[in-house]
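The structure appears right after this line, and notes come after that.
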Amino acid sequence: MHSLDDTIAAVSSAAGGATRGIVRISGPAAIGCLQACFLPTSSAAISELKSAQCIPGELLLSLAGDPRPRRLPCDLFLWPGNRSYTRQPVAELHTIGSPPLVEAALRAVCSAGARPAEPGEFTLRAFLAGRIDLLQAEAVLGVIDAGDRRKLDVALAQLAGGLTRPLGVLRDHLLDLLADLEAGLDFAEEDLQFVSSADLDRRLGEAIGSIAAVVAQMQSRSRTDGEPRIALVGWPNVGKSSLFNALVGQSAAIVSPQPGTTRDYLSALLDFGGVGCQLIDTAGVELNAKEGSLSDAAQQMMSAQETNADLRLICVDSTRPLNAWERDEITRPGIKLIVTTKCDDATISDNARLSDLTPSVETSSRTGRGLDQLRSAIAAALSSDRETNPEGTVAETAARCRDSLRLSADCLARARRIAATGRGNEELVAADIRSALTELGKVVGVIYTDDVLDRVFARFCIGK
């Protein structure tokens, strides 16, 4: 990790030509670097500025093959104190967005005493200075990488504290609970009780619920790692592959009356109501007769696709009654649509009709019946999910924090079980609460290692 006493500089505008190009500088010697290469139009001395200002002027450049210094018009935006993004003097030089000129401006600043910044080093300094936490730092990357408005909204919500606030409240409550327990341990001989058994159980239960809510937000179907995933799932030979082909508009999946024809999974990018989606055709469900578990690797792959799906299309055959697995799947929580297939036949089994369980879309891959209705239902389901799960998290946060949140919840659940055995185990309960706090500290970045920071900030582009 580089020293925070260095003054760093980088091009912070997007690559390529543009109306404006930006060179960003941060560090204790930022103003000294500018005095060596920037000429303000006004008579004001930039070393005497006490508040943020914009100063028009010119930057002295040395162009290749030209011994004479050239003057490049630019505006200097200066934050001279510690109220900047990095809590150091920060400056931005805004000039003509020609790539050779912007690169020459960066060389001029580096020649004056700055060094080129590493990827994410400006945001790393903001984190180390306490300006933002690790969740917000990852949200900065989410803003940079956002490919559409939805992803940008998710990243901005996290940057504004959408995860930081609930986790901060949770940590405060656990610290208060730990203080009450340890106060009781300090006065154990006086038999003073600072927290009752009922209150301890309630507070631990609330903390576990808070973690579950954060995990649910991270697993929100409004996730940001690519197009929403829609999985066709169901028993073998219910018509999933035929439906997949009908929605795709071509024979991408092999169709056969022989159960188990699909052993892998197929995917296709489609548009449902203006929402780009990935439609996935999975293998039919086959359970081990003895264990009731998935029978082989293909089945486990199907389960993984279903688990990671943003929307499940539960396909059931209209020509036969529902089986036990289908009835369980229909009532299972989660975002799903029930699709009745093979509705081209004149007779539909009364037992297969789902009006008594949940609304379904009746379809026929052969005649096209219900396909437009299904497309509209898919678009509505995805739109409803975005409205009911407005925040979500950026993908990098979910991947990094999953284990820490699980371990924290496990520690609190264990503490709750120990507390339920009666008084005398307060030290063990307190130890588990401390472990939970350690894991939560890793999530927000109160506790971190250089390896963690390297993994987070190495994904940034230079200049951010």
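Simple scheme: letters A, B, ... for chains in structure tokens order, numbers from 1 for residues in each chain, numbers from 1 for ligands in the order shown.
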**Prompt:** DSSP says strand (DSSP E) for which residues of range 23-124 of chain A? Put them as a count of residues only?
**Reply:** 36
**Asked** Neighbours of Lys240 in chain A within 9 Å (only C-alpha atoms; same-chain residues fewer than 2 positions away dropped), as number ranges by chain?
**Response** A: 232-238, 242-245, 255, 281-284, 315-316, 341
Dump N, CA, C and O atoms for the selected residues as a PDB file, in the first residue's frame?
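File written: selection.pdb
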```pdb
ATOM      1  N   LEU A 232     -36.850 -21.846 -16.607  1.00  0.00           N
ATOM      2  CA  LEU A 232     -37.953 -22.768 -16.836  1.00  0.00           C
ATOM      3  C   LEU A 232     -37.667 -24.032 -16.038  1.00  0.00           C
ATOM      4  O   LEU A 232     -36.664 -24.712 -16.278  1.00  0.00           O
ATOM      5  N   VAL A 233     -38.506 -24.345 -15.052  1.00  0.00           N
ATOM      6  CA  VAL A 233     -38.277 -25.511 -14.207  1.00  0.00           C
ATOM      7  C   VAL A 233     -39.536 -26.366 -14.183  1.00  0.00           C
ATOM      8  O   VAL A 233     -40.645 -25.871 -14.356  1.00  0.00           O
ATOM      9  N   GLY A 234     -39.352 -27.654 -13.954  1.00  0.00           N
ATOM     10  CA  GLY A 234     -40.506 -28.544 -13.901  1.00  0.00           C
ATOM     11  C   GLY A 234     -40.091 -29.989 -14.051  1.00  0.00           C
ATOM     12  O   GLY A 234     -38.917 -30.323 -14.249  1.00  0.00           O
ATOM     13  N   TRP A 235     -41.087 -30.859 -13.956  1.00  0.00           N
ATOM     14  CA  TRP A 235     -40.877 -32.294 -14.069  1.00  0.00           C
ATOM     15  C   TRP A 235     -40.487 -32.640 -15.501  1.00  0.00           C
ATOM     16  O   TRP A 235     -40.790 -31.884 -16.431  1.00  0.00           O
ATOM     17  N   PRO A 236     -39.804 -33.768 -15.718  1.00  0.00           N
ATOM     18  CA  PRO A 236     -39.449 -34.139 -17.095  1.00  0.00           C
ATOM     19  C   PRO A 236     -40.671 -34.256 -18.005  1.00  0.00           C
ATOM     20  O   PRO A 236     -41.742 -34.688 -17.579  1.00  0.00           O
ATOM     21  N   ASN A 237     -40.501 -33.836 -19.256  1.00  0.00           N
ATOM     22  CA  ASN A 237     -41.496 -34.024 -20.307  1.00  0.00           C
ATOM     23  C   ASN A 237     -42.778 -33.212 -20.081  1.00  0.00           C
ATOM     24  O   ASN A 237     -43.846 -33.595 -20.548  1.00  0.00           O
ATOM     25  N   VAL A 238     -42.662 -32.074 -19.375  1.00  0.00           N
ATOM     26  CA  VAL A 238     -43.844 -31.220 -19.234  1.00  0.00           C
ATOM     27  C   VAL A 238     -43.909 -30.161 -20.331  1.00  0.00           C
ATOM     28  O   VAL A 238     -44.873 -29.397 -20.385  1.00  0.00           O
ATOM     29  N   SER A 242     -40.053 -27.172 -25.378  1.00  0.00           N
ATOM     30  CA  SER A 242     -40.951 -26.663 -26.421  1.00  0.00           C
ATOM     31  C   SER A 242     -41.335 -25.221 -26.133  1.00  0.00           C
ATOM     32  O   SER A 242     -41.398 -24.382 -27.047  1.00  0.00           O
ATOM     33  N   LEU A 243     -41.593 -24.917 -24.875  1.00  0.00           N
ATOM     34  CA  LEU A 243     -41.932 -23.542 -24.503  1.00  0.00           C
ATOM     35  C   LEU A 243     -40.736 -22.619 -24.714  1.00  0.00           C
ATOM     36  O   LEU A 243     -40.887 -21.482 -25.187  1.00  0.00           O
ATOM     37  N   PHE A 244     -39.540 -23.099 -24.361  1.00  0.00           N
ATOM     38  CA  PHE A 244     -38.323 -22.326 -24.585  1.00  0.00           C
ATOM     39  C   PHE A 244     -38.187 -21.978 -26.065  1.00  0.00           C
ATOM     40  O   PHE A 244     -37.949 -20.822 -26.435  1.00  0.00           O
ATOM     41  N   ASN A 245     -38.349 -22.975 -26.941  1.00  0.00           N
ATOM     42  CA  ASN A 245     -38.244 -22.732 -28.374  1.00  0.00           C
ATOM     43  C   ASN A 245     -39.305 -21.762 -28.862  1.00  0.00           C
ATOM     44  O   ASN A 245     -39.041 -20.898 -29.713  1.00  0.00           O
ATOM     45  N   VAL A 255     -36.307 -31.288 -28.534  1.00  0.00           N
ATOM     46  CA  VAL A 255     -37.612 -31.669 -28.013  1.00  0.00           C
ATOM     47  C   VAL A 255     -37.843 -33.140 -28.299  1.00  0.00           C
ATOM     48  O   VAL A 255     -37.655 -33.605 -29.426  1.00  0.00           O
ATOM     49  N   ASP A 281     -33.451 -22.791 -20.080  1.00  0.00           N
ATOM     50  CA  ASP A 281     -34.162 -24.067 -20.113  1.00  0.00           C
ATOM     51  C   ASP A 281     -33.341 -25.080 -19.322  1.00  0.00           C
ATOM     52  O   ASP A 281     -32.189 -25.373 -19.664  1.00  0.00           O
ATOM     53  N   THR A 282     -33.904 -25.615 -18.246  1.00  0.00           N
ATOM     54  CA  THR A 282     -33.173 -26.524 -17.368  1.00  0.00           C
ATOM     55  C   THR A 282     -33.644 -27.956 -17.554  1.00  0.00           C
ATOM     56  O   THR A 282     -34.691 -28.227 -18.142  1.00  0.00           O
ATOM     57  N   ALA A 283     -32.858 -28.884 -17.024  1.00  0.00           N
ATOM     58  CA  ALA A 283     -33.228 -30.305 -17.056  1.00  0.00           C
ATOM     59  C   ALA A 283     -34.457 -30.533 -16.185  1.00  0.00           C
ATOM     60  O   ALA A 283     -34.701 -29.823 -15.204  1.00  0.00           O
ATOM     61  N   GLY A 284     -35.248 -31.556 -16.536  1.00  0.00           N
ATOM     62  CA  GLY A 284     -36.402 -31.906 -15.718  1.00  0.00           C
ATOM     63  C   GLY A 284     -35.986 -32.450 -14.367  1.00  0.00           C
ATOM     64  O   GLY A 284     -34.926 -33.052 -14.203  1.00  0.00           O
ATOM     65  N   CYS A 315     -43.344 -24.950 -14.727  1.00  0.00           N
ATOM     66  CA  CYS A 315     -44.117 -25.525 -15.829  1.00  0.00           C
ATOM     67  C   CYS A 315     -44.815 -26.802 -15.351  1.00  0.00           C
ATOM     68  O   CYS A 315     -44.171 -27.698 -14.803  1.00  0.00           O
ATOM     69  N   VAL A 316     -46.139 -26.890 -15.569  1.00  0.00           N
ATOM     70  CA  VAL A 316     -46.907 -28.085 -15.208  1.00  0.00           C
ATOM     71  C   VAL A 316     -47.707 -28.539 -16.418  1.00  0.00           C
ATOM     72  O   VAL A 316     -48.154 -27.727 -17.236  1.00  0.00           O
ATOM     73  N   THR A 341     -48.747 -25.984 -19.423  1.00  0.00           N
ATOM     74  CA  THR A 341     -48.318 -26.280 -20.789  1.00  0.00           C
ATOM     75  C   THR A 341     -49.265 -27.272 -21.465  1.00  0.00           C
ATOM     76  O   THR A 341     -50.148 -27.864 -20.817  1.00  0.00           O
TER      77      THR A 341
END
```
**Request:** Could you check how far CA of Ala179 in chain A sits from CA of Gln217 in chain A, in Å to one decimal?
**Result:**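 CA of Gln217 in chain A lies at a distance of 28.9 Å from CA of Ala179 in chain A.
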**Request:** Taking the chain letters and numbering used in this document, name the residues of range 378-445 of chain A that DSSP puts in helix (DSSP H, G or I), as a PyMOL selection string.
**Result:** chain A and resi 378-388+395-420+426-444
**Request:** Between CA of Val195 in chain A and CA of Ser435 in chain A, measure the distance and give it in Å to one decimal.
**Result:** 19.7 Å
**Asked** Can you tell me, as a PyMOL selection string, what residues are no more than 9 Å from Glu92 in chain A when counting only C-alpha atoms, ignoring any on the same chain fewer than 6 positions away?
**Response** chain A and resi 12+22-26+75-79
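Coordinates place CA of Ala129 in chain A at a distance of 22.0 Å from CA of Cys33 in chain A.
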**Asked** Taking only C-alpha atoms into account, which of A:Ile230, A:Val154, A:Ala114, A:Ala415 comes nearest Val394 in chain A?
**Response** A:Val154
**Asked** Which residues come within 12 Å of Pro28 in chain A, counting only C-alpha atoms, excluding same-chain residues fewer than 4 positions away, as a list in words?
**Response** Ser3, Leu4, Asp5, Asp6, Thr7, Ile8, Gly32, Cys33, Leu34, Trp79, Pro80, Gly81, Asn82, Thr86, Arg87, Gln88, Pro89, Val90, Ala91, Gly113 and Ala114 of chain A
**Prompt:** Contacts of Arg71 in chain A at 10 Å or less, counting only C-alpha atoms, minus same-chain residues fewer than 6 places along, as a list in words?
**Reply:**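 With the cut-off at 10 Å, the set is Cys37, Phe38, Leu39, Gly57, Glu58, Leu59, Leu60, Leu61 and Ser62 of chain A.
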**Request:** Have a look at A:His94, A:His173, A:Arg417, A:Lys464 and name the one nearest to Thr123 in chain A; count only C-alpha atoms.
**Result:**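 Closest residue, counting only C-alpha atoms: A:Lys464.
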**Asked** range 453-457 of chain A: which residues within 9 Å, counting only C-alpha atoms, same-chain residues fewer than 4 positions away excluded, as JSON, numbers by chain?
**Response** {"A": [1, 119, 120, 121, 123, 124, 134, 137, 138, 141, 396, 400, 448, 449, 461]}
Based on the selection just made, write C-alpha atoms of those residues as a tab-separated table (two decimals), in the first residue's frame.
```
chain	number	residue	atom	x	y	z
A	1	MET	CA	0.00	0.00	0.00
A	119	PRO	CA	-6.41	2.00	-9.60
A	120	GLY	CA	-8.98	3.19	-7.07
A	121	GLU	CA	-6.43	5.13	-5.03
A	123	THR	CA	-11.47	6.25	-3.31
A	124	LEU	CA	-9.07	4.22	-1.13
A	134	LEU	CA	-16.19	-0.10	2.47
A	137	ALA	CA	-16.50	2.44	-1.71
A	138	GLU	CA	-17.90	-0.58	-3.53
A	141	LEU	CA	-17.36	1.14	-8.35
A	396	GLU	CA	-19.26	-6.92	-5.54
A	400	ARG	CA	-17.68	-10.08	-0.46
A	448	TYR	CA	-9.98	-4.98	7.30
A	449	THR	CA	-6.72	-6.35	5.94
A	461	CYS	CA	-10.10	2.19	-12.96
```
